[in-house]
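*Asks:* Before anything else, here's the structure in question.
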Amino acid sequence: MEKRLVPIGRVLKPHGIKGRVKAEYFGEDLDRFLLYREVIIRDTTGRAQTFEVVEAVPQPPRILLTLKGIQTIEDTAPLINQDIFVRRETLPEPAEDEFYWVDLVGMGVETVEGKRLGRVKMIFPTGAHDVFVVEGCRREIHLPATAEVIERIDREESLVTVRWMEGLWEAEDEV
């Protein structure tokens with residue numbers, strides 16, 4: 001997928017028979033989805049289609065979408081289980097200490113001592129905090145995204161600097 005397209009959700013299933021779909025939103029605040037007037041969804045053949053968002057109704061923890069051109073339950077079939085994307089330029093700018101996950105994935109990870117641990121492979125939420133999954137040279141390392149562990153995130157250097165905490169990784173994991 002092009003870097004200028006950012007995943008913000010996933011179509012889960014039809015909602016009723018008139019073309020509405022129930023979707024998962026990857027953000028924390030369902031109301032932020034209301035900012036998007038246009039979304040891009042690849043169908044089962046891989047063809048990307050742009051849809052105007054006619055209506056987005058938060059229904060916690062999901063959202064109900066009405067998309068222009070999708071009018072029947074049959075129209076929804078190619079969209080089910082497909083990711084929903086928006087153009088990067090439509091995203092609000094994150095605050096200085098905030099980051100989009102898509103920007104963090106692929107960043108290098110090293111200790112405050114300058115030892116390399118690997119790259120951010122993925123991120124997942126736990127409720128209390130996010131967890132960075134780092135693809136290391138020996139194994140995957142799961143790092144809680146807390147102030148005690150994450151020392152600094154440098155967008156320009158594409159680098160996450162972390163502090164060691166008991167049980168997170170071993171000396172053999174450092175390169």
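Following the order of the structure tokens, chains are lettered A, B, ..., residues in each are numbered from 1, and ligands are numbered from 1.
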Write out as an mmCIF file with C-alpha atoms, in the first residue's frame each polymer residue whose atoms come within 9 Å of Glu74 in chain A, counting only C-alpha atoms; drop sequence neighbours fewer than 4 positions from it.
*Replies:*
```
data_model
loop_
_atom_site.group_PDB
_atom_site.id
_atom_site.type_symbol
_atom_site.label_atom_id
_atom_site.label_comp_id
_atom_site.auth_asym_id
_atom_site.auth_seq_id
_atom_site.Cartn_x
_atom_site.Cartn_y
_atom_site.Cartn_z
ATOM 1 C CA ILE A 17 -29.902 -4.557 3.788
ATOM 2 C CA GLY A 19 -25.704 -0.967 2.034
ATOM 3 C CA ILE A 70 -23.068 1.225 -1.809
ATOM 4 C CA PRO A 78 -16.446 -7.012 -1.743
#
```
*Asks:* Glu174 in chain A: which residues within 12 Å, counting only C-alpha atoms, same-chain residues fewer than 2 positions away excluded, as a list of chain:residue names?
*Replies:*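 My list of contacting residues is A:Val109, A:Glu110, A:Thr111, A:Val112, A:Glu113, A:Gly114, A:Lys115, A:Arg116, A:Leu117, A:Gly118, A:Val134, A:Glu135, A:Gly136, A:Cys137, A:Arg138, A:Arg139, A:Ile141, A:Val162, A:Trp164, A:Leu168, A:Trp169, A:Glu170, A:Ala171, A:Glu172.
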*Asks:* Apply DSSP to the structure's backbone, then extract all residues of chain A labelled strand (DSSP E) and return them as a PyMOL selection string.
*Replies:* chain A and resi 5-15+20-25+38-42+48-59+62-67+83-87+108-111+116-125+130-135+140-144+150-154+159-162
*Asks:* Quick one: residues within 6 Å of range 36-50 of chain A, only C-alpha atoms counted, chain neighbours fewer than 4 positions away excluded, as a list of chain:residue names?
*Replies:*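 Result of the neighbour search: A:Pro78, A:Leu79, A:Ile84, A:Phe85, A:Val86.
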*Asks:* So which one's closest to Gly27 in chain A, A:Gly9, A:Asp83, A:Glu148, A:Ala77? Using only C-alpha atoms, please.
*Replies:*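 Of all the options, A:Gly9 lies closest to Gly27 in chain A.
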